[in-house]
file entry_30.cif (mmCIF, C-alpha atoms)
data_upload
loop_
_atom_site.group_PDB
_atom_site.id
_atom_site.type_symbol
_atom_site.label_atom_id
_atom_site.label_comp_id
_atom_site.auth_asym_id
_atom_site.auth_seq_id
_atom_site.Cartn_x
_atom_site.Cartn_y
_atom_site.Cartn_z
ATOM 1 C CA MET G 128 -58.432 -32.757 43.620
ATOM 2 C CA THR G 129 -55.297 -34.668 42.724
ATOM 3 C CA TYR G 130 -53.218 -36.425 45.334
ATOM 4 C CA LYS G 131 -49.395 -36.294 45.284
ATOM 5 C CA PRO G 132 -47.655 -39.090 47.142
ATOM 6 C CA GLU G 133 -45.350 -37.825 49.856
ATOM 7 C CA ASN G 134 -42.517 -40.161 48.761
ATOM 8 C CA GLU G 135 -42.612 -39.016 45.147
ATOM 9 C CA PHE G 136 -39.548 -37.112 43.965
ATOM 10 C CA TYR G 137 -39.696 -34.444 41.296
ATOM 11 C CA VAL G 138 -36.551 -33.574 39.350
ATOM 12 C CA GLU G 139 -36.751 -30.227 37.584
ATOM 13 C CA GLU G 140 -34.896 -30.142 34.323
ATOM 14 C CA PRO G 141 -32.960 -26.935 33.583
ATOM 15 C CA LEU G 142 -34.649 -24.526 31.176
ATOM 16 C CA VAL G 143 -31.400 -24.132 29.205
ATOM 17 C CA ASP G 144 -29.178 -27.107 28.532
ATOM 18 C CA PHE G 145 -25.776 -25.400 28.521
ATOM 19 C CA ARG G 146 -23.957 -28.696 28.220
ATOM 20 C CA GLY G 147 -25.942 -29.594 25.116
ATOM 21 C CA ILE G 148 -25.343 -26.170 23.613
ATOM 22 C CA LEU G 149 -21.594 -26.375 24.166
ATOM 23 C CA LYS G 150 -21.540 -29.888 22.758
ATOM 24 C CA LYS G 151 -23.233 -28.770 19.546
ATOM 25 C CA ILE G 152 -20.985 -25.711 19.220
ATOM 26 C CA PHE G 153 -17.914 -27.874 19.774
ATOM 27 C CA GLU G 154 -18.815 -29.769 16.603
ATOM 28 C CA TYR G 155 -17.766 -26.601 14.747
ATOM 29 C CA TRP G 156 -14.386 -26.348 16.502
ATOM 30 C CA LYS G 157 -12.442 -26.774 13.280
ATOM 31 C CA LEU G 158 -14.280 -23.898 11.638
ATOM 32 C CA ILE G 159 -13.896 -21.698 14.728
ATOM 33 C CA PHE G 160 -10.185 -22.464 15.028
ATOM 34 C CA ALA G 161 -9.512 -21.984 11.309
ATOM 35 C CA THR G 162 -11.414 -18.675 11.115
ATOM 36 C CA SER G 163 -9.669 -17.285 14.203
ATOM 37 C CA ALA G 164 -6.285 -18.325 12.829
ATOM 38 C CA VAL G 165 -6.967 -16.788 9.403
ATOM 39 C CA PHE G 166 -8.054 -13.469 10.928
ATOM 40 C CA GLY G 167 -4.983 -13.445 13.163
ATOM 41 C CA LEU G 168 -2.585 -14.239 10.306
ATOM 42 C CA VAL G 169 -4.134 -11.616 8.035
ATOM 43 C CA SER G 170 -3.764 -8.985 10.777
ATOM 44 C CA ILE G 171 0.031 -9.464 10.887
ATOM 45 C CA PRO G 172 0.847 -8.038 7.420
ATOM 46 C CA PHE G 173 -1.908 -5.469 7.934
ATOM 47 C CA SER G 174 -0.311 -4.175 11.145
ATOM 48 C CA PHE G 175 3.096 -4.006 9.447
ATOM 49 C CA SER G 176 1.597 -1.976 6.594
ATOM 50 C CA LEU G 177 0.376 0.758 8.960
ATOM 51 C CA THR G 178 2.397 3.937 9.396
ATOM 52 C CA GLU G 179 4.403 4.015 12.610
ATOM 53 C CA TYR G 180 4.155 7.080 14.855
ATOM 54 C CA TYR G 181 6.503 8.255 17.596
ATOM 55 C CA ARG G 182 5.461 10.489 20.497
ATOM 56 C CA ALA G 183 7.635 13.285 21.908
ATOM 57 C CA GLU G 184 6.477 14.664 25.260
ATOM 58 C CA ILE G 185 7.149 17.876 27.173
ATOM 59 C CA LEU G 186 6.488 18.300 30.872
ATOM 60 C CA MET G 187 5.786 21.903 31.836
ATOM 61 C CA THR G 188 3.990 24.079 34.368
ATOM 62 C CA PRO G 189 2.125 27.397 34.072
ATOM 63 C CA ALA G 190 4.483 30.326 34.550
ATOM 64 C CA GLN G 191 3.742 32.322 37.700
ATOM 65 C CA ASP G 192 2.378 35.833 37.232
ATOM 66 C CA THR G 193 3.038 38.286 40.064
ATOM 67 C CA ASN G 194 1.289 41.295 38.534
ATOM 68 C CA SER G 195 -2.262 40.050 38.016
ATOM 69 C CA SER G 196 -3.150 39.980 41.740
ATOM 70 C CA ALA G 197 -1.763 43.486 42.281
ATOM 71 C CA LEU G 198 -3.669 44.819 39.264
ATOM 72 C CA SER G 199 -6.883 43.207 40.491
ATOM 73 C CA SER G 200 -6.325 44.841 43.890
ATOM 74 C CA LEU G 201 -5.971 48.278 42.277
ATOM 75 C CA ARG G 202 -9.160 47.730 40.320
ATOM 76 C CA GLY G 203 -10.927 46.883 43.550
ATOM 77 C CA GLN G 204 -9.848 50.196 45.027
ATOM 78 C CA LEU G 205 -11.711 52.062 42.302
ATOM 79 C CA GLY G 206 -15.057 51.189 43.836
ATOM 80 C CA GLY G 207 -17.754 53.489 42.495
ATOM 81 C CA LEU G 208 -15.240 55.279 40.273
ATOM 82 C CA SER G 209 -14.949 52.238 38.026
ATOM 83 C CA SER G 210 -17.600 53.726 35.730
ATOM 84 C CA PHE G 211 -15.194 56.582 35.015
ATOM 85 C CA ILE G 212 -12.487 54.177 33.891
ATOM 86 C CA GLY G 213 -14.877 52.273 31.660
ATOM 87 C CA GLY G 214 -13.734 49.133 29.842
ATOM 88 C CA LEU G 215 -10.080 48.694 30.681
ATOM 89 C CA PRO G 216 -8.407 46.270 28.234
ATOM 90 C CA VAL G 217 -7.507 42.996 29.908
ATOM 91 C CA SER G 218 -3.800 42.259 29.800
ATOM 92 C CA SER G 219 -2.573 38.839 28.709
ATOM 93 C CA SER G 220 -0.733 38.625 32.023
ATOM 94 C CA GLU G 221 -4.129 38.032 33.612
ATOM 95 C CA MET G 222 -4.964 35.073 31.412
ATOM 96 C CA ASN G 223 -5.364 31.850 33.366
ATOM 97 C CA ILE G 224 -4.011 28.480 32.394
ATOM 98 C CA TYR G 225 -7.206 27.506 30.571
ATOM 99 C CA SER G 226 -6.949 30.528 28.300
ATOM 100 C CA SER G 227 -3.354 29.619 27.467
ATOM 101 C CA LEU G 228 -4.349 26.025 26.732
ATOM 102 C CA ALA G 229 -7.155 27.285 24.514
ATOM 103 C CA ILE G 230 -4.604 29.255 22.490
ATOM 104 C CA LEU G 231 -2.412 26.153 22.327
ATOM 105 C CA HIS G 232 -5.246 24.204 20.653
ATOM 106 C CA SER G 233 -6.564 27.082 18.565
ATOM 107 C CA ARG G 234 -6.622 26.945 14.776
ATOM 108 C CA THR G 235 -5.132 30.444 14.639
ATOM 109 C CA PHE G 236 -1.975 29.529 16.503
ATOM 110 C CA THR G 237 -1.694 26.189 14.723
ATOM 111 C CA ASP G 238 -1.618 28.022 11.403
ATOM 112 C CA ILE G 239 0.969 30.495 12.764
ATOM 113 C CA PHE G 240 3.207 27.619 13.861
ATOM 114 C CA ILE G 241 2.914 25.837 10.503
ATOM 115 C CA GLN G 242 3.660 29.030 8.602
ATOM 116 C CA LYS G 243 6.702 29.912 10.733
ATOM 117 C CA THR G 244 8.212 26.443 10.597
ATOM 118 C CA GLY G 245 7.285 25.822 6.946
ATOM 119 C CA ILE G 246 6.145 22.245 7.511
ATOM 120 C CA TYR G 247 3.268 22.185 5.012
ATOM 121 C CA PRO G 248 5.239 19.909 2.621
ATOM 122 C CA LEU G 249 5.909 17.476 5.482
ATOM 123 C CA LEU G 250 2.245 17.373 6.450
ATOM 124 C CA PHE G 251 1.142 16.721 2.856
ATOM 125 C CA PRO G 252 4.037 14.885 1.165
ATOM 126 C CA GLU G 253 1.739 13.280 -1.416
ATOM 127 C CA LYS G 254 0.757 16.734 -2.721
ATOM 128 C CA TRP G 255 4.260 18.250 -2.707
ATOM 129 C CA ASP G 256 6.642 18.054 -5.670
ATOM 130 C CA ASP G 257 10.248 18.098 -4.396
ATOM 131 C CA GLU G 258 11.738 18.623 -7.847
ATOM 132 C CA LYS G 259 9.621 21.662 -8.681
ATOM 133 C CA GLY G 260 9.415 22.897 -5.117
ATOM 134 C CA ASP G 261 5.709 23.491 -5.507
ATOM 135 C CA TRP G 262 2.354 21.793 -5.039
ATOM 136 C CA ARG G 263 1.272 19.252 -7.646
ATOM 137 C CA SER G 264 -2.307 20.557 -7.557
ATOM 138 C CA ASN G 265 -4.240 22.892 -5.303
ATOM 139 C CA PRO G 266 -2.348 23.663 -2.079
ATOM 140 C CA PRO G 267 -3.823 22.230 1.141
ATOM 141 C CA THR G 268 -6.116 24.443 3.177
ATOM 142 C CA LYS G 269 -5.601 25.694 6.723
ATOM 143 C CA ALA G 270 -8.527 23.576 7.860
ATOM 144 C CA SER G 271 -6.942 20.368 6.552
ATOM 145 C CA ALA G 272 -3.640 21.186 8.270
ATOM 146 C CA ASP G 273 -5.445 21.928 11.528
ATOM 147 C CA LEU G 274 -7.260 18.595 11.233
ATOM 148 C CA ILE G 275 -3.923 16.759 11.006
ATOM 149 C CA PHE G 276 -2.605 18.552 14.081
ATOM 150 C CA LYS G 277 -5.715 17.630 16.044
ATOM 151 C CA LYS G 278 -4.838 13.983 15.409
ATOM 152 C CA ILE G 279 -1.163 14.237 16.428
ATOM 153 C CA ARG G 280 -1.331 16.815 19.255
ATOM 154 C CA PHE G 281 -2.170 15.762 22.816
ATOM 155 C CA THR G 282 -2.393 17.746 26.061
ATOM 156 C CA ASN G 283 -3.074 16.636 29.610
ATOM 157 C CA TYR G 284 -3.438 19.120 32.488
ATOM 158 C CA ASP G 285 -3.152 17.859 36.065
ATOM 159 C CA ASN G 286 -4.732 20.663 38.082
ATOM 160 C CA GLN G 287 -3.783 19.047 41.393
ATOM 161 C CA GLU G 288 -0.077 18.895 40.615
ATOM 162 C CA ASN G 289 -0.302 21.967 38.339
ATOM 163 C CA LEU G 290 1.590 20.105 35.628
ATOM 164 C CA ILE G 291 0.939 19.951 31.898
ATOM 165 C CA THR G 292 2.021 17.163 29.569
ATOM 166 C CA PHE G 293 2.195 18.223 25.933
ATOM 167 C CA ALA G 294 2.924 15.685 23.206
ATOM 168 C CA LEU G 295 3.258 15.566 19.423
ATOM 169 C CA GLU G 296 3.293 12.415 17.314
ATOM 170 C CA TRP G 297 4.945 11.983 13.945
ATOM 171 C CA THR G 298 6.396 9.295 11.718
ATOM 172 C CA ASP G 299 9.977 10.434 12.340
ATOM 173 C CA PRO G 300 11.111 10.511 16.015
ATOM 174 C CA VAL G 301 13.609 13.344 15.459
ATOM 175 C CA THR G 302 10.972 15.490 13.766
ATOM 176 C CA ALA G 303 8.456 14.748 16.533
ATOM 177 C CA SER G 304 10.800 15.997 19.281
ATOM 178 C CA LYS G 305 11.818 19.039 17.231
ATOM 179 C CA TRP G 306 8.227 20.056 16.523
ATOM 180 C CA ALA G 307 7.190 19.604 20.161
ATOM 181 C CA ASN G 308 9.955 21.892 21.471
ATOM 182 C CA GLU G 309 9.388 24.479 18.746
ATOM 183 C CA TYR G 310 5.632 24.425 19.310
ATOM 184 C CA ILE G 311 5.903 25.497 22.962
ATOM 185 C CA GLU G 312 8.683 27.969 22.134
ATOM 186 C CA HIS G 313 6.517 29.696 19.510
ATOM 187 C CA LEU G 314 3.518 29.539 21.848
ATOM 188 C CA ASN G 315 5.392 31.392 24.595
ATOM 189 C CA ASP G 316 6.519 33.998 22.057
ATOM 190 C CA TYR G 317 2.978 34.405 20.747
ATOM 191 C CA ILE G 318 1.428 34.925 24.203
ATOM 192 C CA ARG G 319 4.305 37.185 25.269
ATOM 193 C CA ILE G 320 3.821 39.450 22.237
ATOM 194 C CA GLN G 321 0.095 39.567 22.954
ATOM 195 C CA ALA G 322 0.855 40.594 26.543
ATOM 196 C CA VAL G 323 3.112 43.426 25.406
ATOM 197 C CA VAL G 324 0.626 44.718 22.822
ATOM 198 C CA GLU G 325 -2.304 44.619 25.236
ATOM 199 C CA ALA G 326 -0.263 46.161 28.076
ATOM 200 C CA GLU G 327 0.778 49.030 25.801
ATOM 201 C CA SER G 328 -2.854 49.472 24.777
ATOM 202 C CA SER G 329 -3.854 49.539 28.454
ATOM 203 C CA ILE G 330 -1.195 52.149 29.267
ATOM 204 C CA GLY G 331 -2.462 54.385 26.458
ATOM 205 C CA PHE G 332 -6.024 53.956 27.681
ATOM 206 C CA LEU G 333 -5.048 54.792 31.300
ATOM 207 C CA GLN G 334 -3.035 57.824 30.192
ATOM 208 C CA LYS G 335 -6.136 59.263 28.527
ATOM 209 C CA LYS G 336 -8.192 58.705 31.679
ATOM 210 C CA LEU G 337 -5.413 60.264 33.729
ATOM 211 C CA ASP G 338 -5.591 63.438 31.658
ATOM 212 C CA GLN G 339 -9.350 63.610 32.170
ATOM 213 C CA THR G 340 -9.369 63.669 35.983
ATOM 214 C CA SER G 341 -7.915 65.822 38.738
ATOM 215 C CA VAL G 342 -9.074 63.664 41.668
ATOM 216 C CA VAL G 343 -5.957 62.830 43.671
ATOM 217 C CA GLY G 344 -7.148 59.429 44.861
ATOM 218 C CA LEU G 345 -8.167 58.335 41.374
ATOM 219 C CA ARG G 346 -4.926 59.598 39.839
ATOM 220 C CA THR G 347 -2.939 57.599 42.425
ATOM 221 C CA ILE G 348 -4.796 54.413 41.477
ATOM 222 C CA LEU G 349 -4.319 55.117 37.766
ATOM 223 C CA TYR G 350 -0.587 55.642 38.278
ATOM 224 C CA GLY G 351 -0.447 52.328 40.102
ATOM 225 C CA MET G 352 -2.247 50.545 37.253
ATOM 226 C CA ILE G 353 0.092 52.122 34.716
ATOM 227 C CA GLU G 354 3.031 50.898 36.786
ATOM 228 C CA GLN G 355 1.653 47.351 36.813
ATOM 229 C CA GLN G 356 1.189 47.375 33.052
ATOM 230 C CA THR G 357 4.739 48.675 32.633
ATOM 231 C CA GLN G 358 5.995 45.813 34.806
ATOM 232 C CA THR G 359 4.083 43.420 32.562
ATOM 233 C CA ILE G 360 5.977 44.724 29.531
ATOM 234 C CA MET G 361 9.312 44.475 31.354
ATOM 235 C CA LEU G 362 8.515 40.933 32.501
ATOM 236 C CA ALA G 363 7.512 39.892 28.979
ATOM 237 C CA ASP G 364 10.772 41.269 27.583
ATOM 238 C CA ALA G 365 12.861 39.539 30.250
ATOM 239 C CA ARG G 366 11.140 36.140 30.550
ATOM 240 C CA LYS G 367 11.395 33.820 27.572
ATOM 241 C CA GLU G 368 9.104 31.144 29.015
ATOM 242 C CA TYR G 369 6.262 33.581 29.503
ATOM 243 C CA ALA G 370 3.165 31.334 29.626
ATOM 244 C CA PHE G 371 4.638 27.853 30.171
ATOM 245 C CA LYS G 372 7.797 26.991 32.060
ATOM 246 C CA ILE G 373 9.381 23.822 30.677
ATOM 247 C CA ILE G 374 10.477 21.232 33.233
ATOM 248 C CA ASP G 375 11.449 18.442 30.838
ATOM 249 C CA ALA G 376 11.969 19.265 27.179
ATOM 250 C CA ALA G 377 11.095 16.756 24.486
ATOM 251 C CA VAL G 378 13.745 14.190 23.560
ATOM 252 C CA VAL G 379 13.921 11.829 20.604
ATOM 253 C CA PRO G 380 11.650 8.844 21.437
ATOM 254 C CA ASP G 381 13.071 5.346 21.078
ATOM 255 C CA GLU G 382 9.861 3.344 20.713
ATOM 256 C CA ARG G 383 6.813 3.884 18.556
ATOM 257 C CA VAL G 384 3.526 4.711 20.228
ATOM 258 C CA ARG G 385 1.329 3.274 17.506
ATOM 259 C CA PRO G 386 0.289 1.011 15.934
ATOM 260 C CA ASN G 387 0.253 -1.566 18.723
ATOM 261 C CA LYS G 388 0.688 -4.720 16.673
ATOM 262 C CA THR G 389 -0.031 -7.035 19.601
ATOM 263 C CA ILE G 390 -3.412 -5.452 20.253
ATOM 264 C CA ILE G 391 -4.262 -5.586 16.545
ATOM 265 C CA LEU G 392 -3.442 -9.309 16.495
ATOM 266 C CA VAL G 393 -5.568 -9.991 19.587
ATOM 267 C CA ILE G 394 -8.534 -7.969 18.293
ATOM 268 C CA ALA G 395 -8.407 -9.598 14.859
ATOM 269 C CA THR G 396 -8.205 -13.106 16.342
ATOM 270 C CA PHE G 397 -11.107 -12.383 18.670
ATOM 271 C CA ALA G 398 -13.120 -10.967 15.761
ATOM 272 C CA GLY G 399 -12.576 -14.195 13.811
ATOM 273 C CA PHE G 400 -13.557 -16.241 16.858
ATOM 274 C CA ALA G 401 -16.729 -14.189 17.433
ATOM 275 C CA LEU G 402 -17.737 -14.347 13.758
ATOM 276 C CA SER G 403 -17.277 -18.113 13.522
ATOM 277 C CA LEU G 404 -19.063 -18.620 16.846
ATOM 278 C CA PHE G 405 -21.996 -16.592 15.564
ATOM 279 C CA TYR G 406 -22.083 -18.718 12.402
ATOM 280 C CA ALA G 407 -22.112 -21.897 14.495
ATOM 281 C CA VAL G 408 -24.984 -20.727 16.715
ATOM 282 C CA PHE G 409 -26.877 -19.470 13.675
ATOM 283 C CA SER G 410 -26.465 -22.802 11.880
ATOM 284 C CA ILE G 411 -27.499 -24.839 14.925
ATOM 285 C CA TYR G 412 -30.588 -22.941 16.047
ATOM 286 C CA THR G 413 -31.698 -20.330 13.511
ATOM 287 C CA VAL G 414 -31.359 -22.234 10.226
ATOM 288 C CA PRO G 415 -33.580 -25.177 11.338
ATOM 289 C CA LEU G 416 -36.205 -22.719 12.555
ATOM 290 C CA ILE G 417 -36.193 -20.891 9.219
ATOM 291 C CA LYS G 418 -36.475 -24.191 7.327
ATOM 292 C CA ASP G 419 -39.393 -25.232 9.482
ATOM 293 C CA VAL G 420 -41.219 -21.948 8.832
ATOM 294 C CA ILE G 421 -40.565 -22.064 5.074
ATOM 295 C CA GLY G 422 -41.338 -25.766 4.854
ATOM 296 C CA ILE G 423 -37.954 -27.043 3.714
ATOM 297 C CA LYS G 424 -36.628 -30.412 4.806
ATOM 298 C CA GLU G 425 -33.700 -30.400 7.205
ATOM 299 C CA THR G 426 -31.538 -32.284 4.686
ATOM 300 C CA GLN G 427 -32.090 -29.656 2.001
ATOM 301 C CA PRO G 428 -29.929 -26.499 1.897
ATOM 302 C CA LEU G 429 -31.526 -23.247 2.941
ATOM 303 C CA ILE G 430 -30.351 -21.535 -0.253
ATOM 304 C CA ASP G 431 -29.850 -23.499 -3.446
ATOM 305 C CA ILE G 432 -26.907 -21.745 -5.088
ATOM 306 C CA ASP G 433 -27.418 -23.580 -8.376
ATOM 307 C CA SER G 434 -30.867 -22.008 -8.677
ATOM 308 C CA ILE G 435 -29.355 -18.510 -8.934
ATOM 309 C CA PRO G 436 -28.677 -17.882 -12.670
ATOM 310 C CA LEU G 437 -25.661 -15.606 -12.297
ATOM 311 C CA ILE G 438 -23.880 -17.840 -9.788
ATOM 312 C CA ASN G 439 -24.813 -20.921 -11.798
ATOM 313 C CA LYS G 440 -23.112 -19.508 -14.902
ATOM 314 C CA VAL G 441 -19.959 -18.712 -12.951
ATOM 315 C CA LEU G 442 -19.852 -22.181 -11.376
ATOM 316 C CA LYS G 443 -20.308 -23.878 -14.767
ATOM 317 C CA LYS G 444 -17.137 -22.221 -16.047
ATOM 318 C CA PHE G 445 -15.083 -23.732 -13.259
ATOM 319 C CA ARG G 446 -16.671 -27.202 -13.406
#

call {"tool": "encode", "arguments": {"input": "entry_30.cif", "output": "structure tokens"}}
result
Amino acid sequence: MTYKPENEFYVEEPLVDFRGILKKIFEYWKLIFATSAVFGLVSIPFSFSLTEYYRAEILMTPAQDTNSSALSSLRGQLGGLSSFIGGLPVSSSEMNIYSSLAILHSRTFTDIFIQKTGIYPLLFPEKWDDEKGDWRSNPPTKASADLIFKKIRFTNYDNQENLITFALEWTDPVTASKWANEYIEHLNDYIRIQAVVEAESSIGFLQKKLDQTSVVGLRTILYGMIEQQTQTIMLADARKEYAFKIIDAAVVPDERVRPNKTIILVIATFAGFALSLFYAVFSIYTVPLIKDVIGIKETQPLIDIDSIPLINKVLKKFR
């Protein structure tokens, strides 16, 4: 049994000597500073070479529909007679906001908008020949055009405030604002036409069911449903902003939204700093360990470049 004197003091040394680590890393400060500076300087012309994009935004709200609740109430009055009616076509007036937003992002409507506005040459200027007025090679596909729109089209729906922010980005600010306004205008027209077509289809369907029954109560409900569908058609013809009511239309943006040159500079500088810091830590701790395992002296290089034939031939030409 060993005896420890009561007056003996024991000083525990830290497991990791952070001061020593920082001191060794600081020996590479010139390399770290130079690498960070080079990465930052290179990022400046790179950021200026990127294409600038401008964002045009529209603030809008879902248009109120007064007929859908009344139509749902009439359907509820059918009760057990609903089997007689069968599958009544759903009118577009009953579509909720999520259905309208789904149409907004759909590939079908995107293609309709591009076709109506004729902006294919603007989306693919490198493939369009202005002199001939035709494509230089194979025309772009609908899928490629939809992919571009997915990158420049943005939508945010605030369900608490019931507000929708729609935005389009493009290289020209005037074009961006024009496209944004036209996009929602064509979208309202598209949904309004769908509402009219489906309401007319519903009226035809209800007329057939009306001719097939003589029950007074059922005929009254069918007349009411026909009236609601007729009101849907009248509303669609009278209201231009059928699905989305615009609060603030898009205006020509003054400032670009991307690229953010400041962020690019900061990220590039940090990347240079991190890379050089990794090299310093690797040289201080990993390289000596590798040399010890391989059996190389600390004064010798880990890799002898002159021993590589291809590199040796290249170096001889410059010596």

call {"tool": "closest_residue", "arguments": {"input": "entry_30.cif", "among": "G:Leu314, G:Gln355, G:Ala407, G:His232", "to": "Leu149 of chain G", "atoms": "all atoms listed in the file"}}
result
G:Ala407

call {"tool": "residues_around", "arguments": {"input": "entry_30.cif", "residues": "Ala401 of chain G", "least_positions_apart": "3", "cutoff": "12 Å", "atoms": "all atoms listed in the file", "output": "VMD selection string"}}
result
chain G and resid 158 to 160 162 to 163 166 394 to 398 404 to 408

call {"tool": "atom_distance", "arguments": {"input": "entry_30.cif", "atom1": "atom CA of Thr357 of chain G", "atom2": "atom CA of Ile320 of chain G"}}
result
13.9 Å

call {"tool": "closest_residue", "arguments": {"input": "entry_30.cif", "among": "G:His313, G:Arg182, G:Lys418, G:Lys254", "to": "Phe371 of chain G", "atoms": "all atoms listed in the file"}}
result
G:His313

call {"tool": "residues_around", "arguments": {"input": "entry_30.cif", "residues": "Ser304 of chain G", "least_positions_apart": "6", "cutoff": "8 Å", "atoms": "all atoms listed in the file", "output": "PDB file with C-alpha atoms, in the frame of the given file"}}
result
ATOM      1  CA  ARG G 182       5.461  10.489  20.497  1.00  0.00           C
ATOM      2  CA  ALA G 183       7.635  13.285  21.908  1.00  0.00           C
ATOM      3  CA  GLU G 184       6.477  14.664  25.260  1.00  0.00           C
ATOM      4  CA  LEU G 295       3.258  15.566  19.423  1.00  0.00           C
ATOM      5  CA  ALA G 377      11.095  16.756  24.486  1.00  0.00           C
ATOM      6  CA  VAL G 378      13.745  14.190  23.560  1.00  0.00           C
ATOM      7  CA  VAL G 379      13.921  11.829  20.604  1.00  0.00           C
ATOM      8  CA  PRO G 380      11.650   8.844  21.437  1.00  0.00           C
TER       9      PRO G 380
END

call {"tool": "atom_distance", "arguments": {"input": "entry_30.cif", "atom1": "atom CA of Ile246 of chain G", "atom2": "atom CA of Leu290 of chain G"}}
result
28.6 Å

call {"tool": "closest_residue", "arguments": {"input": "entry_30.cif", "among": "G:Trp156, G:Tyr284, G:Trp255, G:Phe240", "to": "Ile224 of chain G", "atoms": "only C-alpha atoms"}}
result
G:Tyr284

call {"tool": "atom_distance", "arguments": {"input": "entry_30.cif", "atom1": "atom CA of Ile171 of chain G", "atom2": "atom CA of Ile391 of chain G"}}
result
8.1 Å

call {"tool": "closest_residue", "arguments": {"input": "entry_30.cif", "among": "G:Lys277, G:Arg385, G:Lys336, G:Lys269", "to": "Ile241 of chain G", "atoms": "all atoms listed in the file"}}
result
G:Lys269

call {"tool": "closest_residue", "arguments": {"input": "entry_30.cif", "among": "G:Val169, G:Leu274, G:Leu249, G:Ile148", "to": "Ala303 of chain G", "atoms": "all atoms listed in the file"}}
result
G:Leu249

call {"tool": "resolve_selection", "arguments": {"input": "entry_30.cif", "expression": "the PyMOL selection byres ((chain G and resi 285) around 12)", "output": "list in words"}}
result
Leu186, Met187, Thr188, Pro189, Ile224, Tyr225, Thr282, Asn283, Tyr284, Asn286, Gln287, Glu288, Asn289, Leu290, Ile291, Thr292 and Phe293 of chain G

call {"tool": "resolve_selection", "arguments": {"input": "entry_30.cif", "expression": "the PyMOL selection byres ((chain G and resi 363) around 12)", "output": "count of residues only"}}
result
33

call {"tool": "residues_around", "arguments": {"input": "entry_30.cif", "residues": "Tyr180 of chain G", "least_positions_apart": "2", "cutoff": "6 Å", "atoms": "all atoms listed in the file", "output": "list in words"}}
result
Glu296, Trp297, Thr298, Arg383, Val384 and Arg385 of chain G

call {"tool": "residues_around", "arguments": {"input": "entry_30.cif", "residues": "Asp238 of chain G", "least_positions_apart": "3", "cutoff": "8 Å", "atoms": "all atoms listed in the file", "output": "list in words"}}
result
Arg234, Thr235, Ile241, Gln242, Lys269, Ala272 and Asp273 of chain G

call {"tool": "residues_near_point", "arguments": {"input": "entry_30.cif", "point": "(10.6, 6.2, 17.7)", "cutoff": "7 Å", "atoms": "all atoms listed in the file", "output": "PyMOL selection string"}}
result
chain G and resi 181+299-300+380-383

call {"tool": "write_last_selection", "arguments": {"input": "entry_30.cif", "atoms": "C-alpha atoms", "output": "mmCIF file, in the frame of the given file"}}
result
data_model
loop_
_atom_site.group_PDB
_atom_site.id
_atom_site.type_symbol
_atom_site.label_atom_id
_atom_site.label_comp_id
_atom_site.auth_asym_id
_atom_site.auth_seq_id
_atom_site.Cartn_x
_atom_site.Cartn_y
_atom_site.Cartn_z
ATOM 1 C CA TYR G 181 6.503 8.255 17.596
ATOM 2 C CA ASP G 299 9.977 10.434 12.340
ATOM 3 C CA PRO G 300 11.111 10.511 16.015
ATOM 4 C CA PRO G 380 11.650 8.844 21.437
ATOM 5 C CA ASP G 381 13.071 5.346 21.078
ATOM 6 C CA GLU G 382 9.861 3.344 20.713
ATOM 7 C CA ARG G 383 6.813 3.884 18.556
#

call {"tool": "closest_residue", "arguments": {"input": "entry_30.cif", "among": "G:Glu253, G:Asp419, G:Asp338, G:Asp375", "to": "Ala307 of chain G", "atoms": "only C-alpha atoms"}}
result
G:Asp375

call {"tool": "decode", "arguments": {"input": "entry_30.cif", "residues": "segment 388-416 of chain G", "atoms": "C-alpha atoms", "output": "mmCIF file, in the first residue's frame"}}
result
data_model
loop_
_atom_site.group_PDB
_atom_site.id
_atom_site.type_symbol
_atom_site.label_atom_id
_atom_site.label_comp_id
_atom_site.auth_asym_id
_atom_site.auth_seq_id
_atom_site.Cartn_x
_atom_site.Cartn_y
_atom_site.Cartn_z
ATOM 1 C CA LYS G 388 -21.932 39.245 -54.646
ATOM 2 C CA THR G 389 -21.227 39.988 -50.986
ATOM 3 C CA ILE G 390 -22.274 36.515 -49.893
ATOM 4 C CA ILE G 391 -20.217 34.946 -52.685
ATOM 5 C CA LEU G 392 -17.154 36.893 -51.518
ATOM 6 C CA VAL G 393 -17.668 35.851 -47.885
ATOM 7 C CA ILE G 394 -18.230 32.181 -48.762
ATOM 8 C CA ALA G 395 -15.204 32.056 -51.062
ATOM 9 C CA THR G 396 -12.950 33.708 -48.467
ATOM 10 C CA PHE G 397 -14.156 31.328 -45.776
ATOM 11 C CA ALA G 398 -13.597 28.368 -48.109
ATOM 12 C CA GLY G 399 -9.992 29.476 -48.654
ATOM 13 C CA PHE G 400 -9.526 29.918 -44.910
ATOM 14 C CA ALA G 401 -10.977 26.467 -44.144
ATOM 15 C CA LEU G 402 -8.886 24.768 -46.844
ATOM 16 C CA SER G 403 -5.631 26.357 -45.691
ATOM 17 C CA LEU G 404 -6.468 25.623 -42.050
ATOM 18 C CA PHE G 405 -7.048 21.984 -42.931
ATOM 19 C CA TYR G 406 -3.687 21.884 -44.727
ATOM 20 C CA ALA G 407 -1.967 23.354 -41.666
ATOM 21 C CA VAL G 408 -3.509 20.832 -39.257
ATOM 22 C CA PHE G 409 -2.773 18.004 -41.679
ATOM 23 C CA SER G 410 0.871 19.059 -42.005
ATOM 24 C CA ILE G 411 1.339 19.449 -38.248
ATOM 25 C CA TYR G 412 -0.258 16.247 -36.986
ATOM 26 C CA THR G 413 -1.070 13.815 -39.796
ATOM 27 C CA VAL G 414 2.082 14.006 -41.933
ATOM 28 C CA PRO G 415 4.477 13.166 -39.036
ATOM 29 C CA LEU G 416 2.268 10.230 -38.080
#
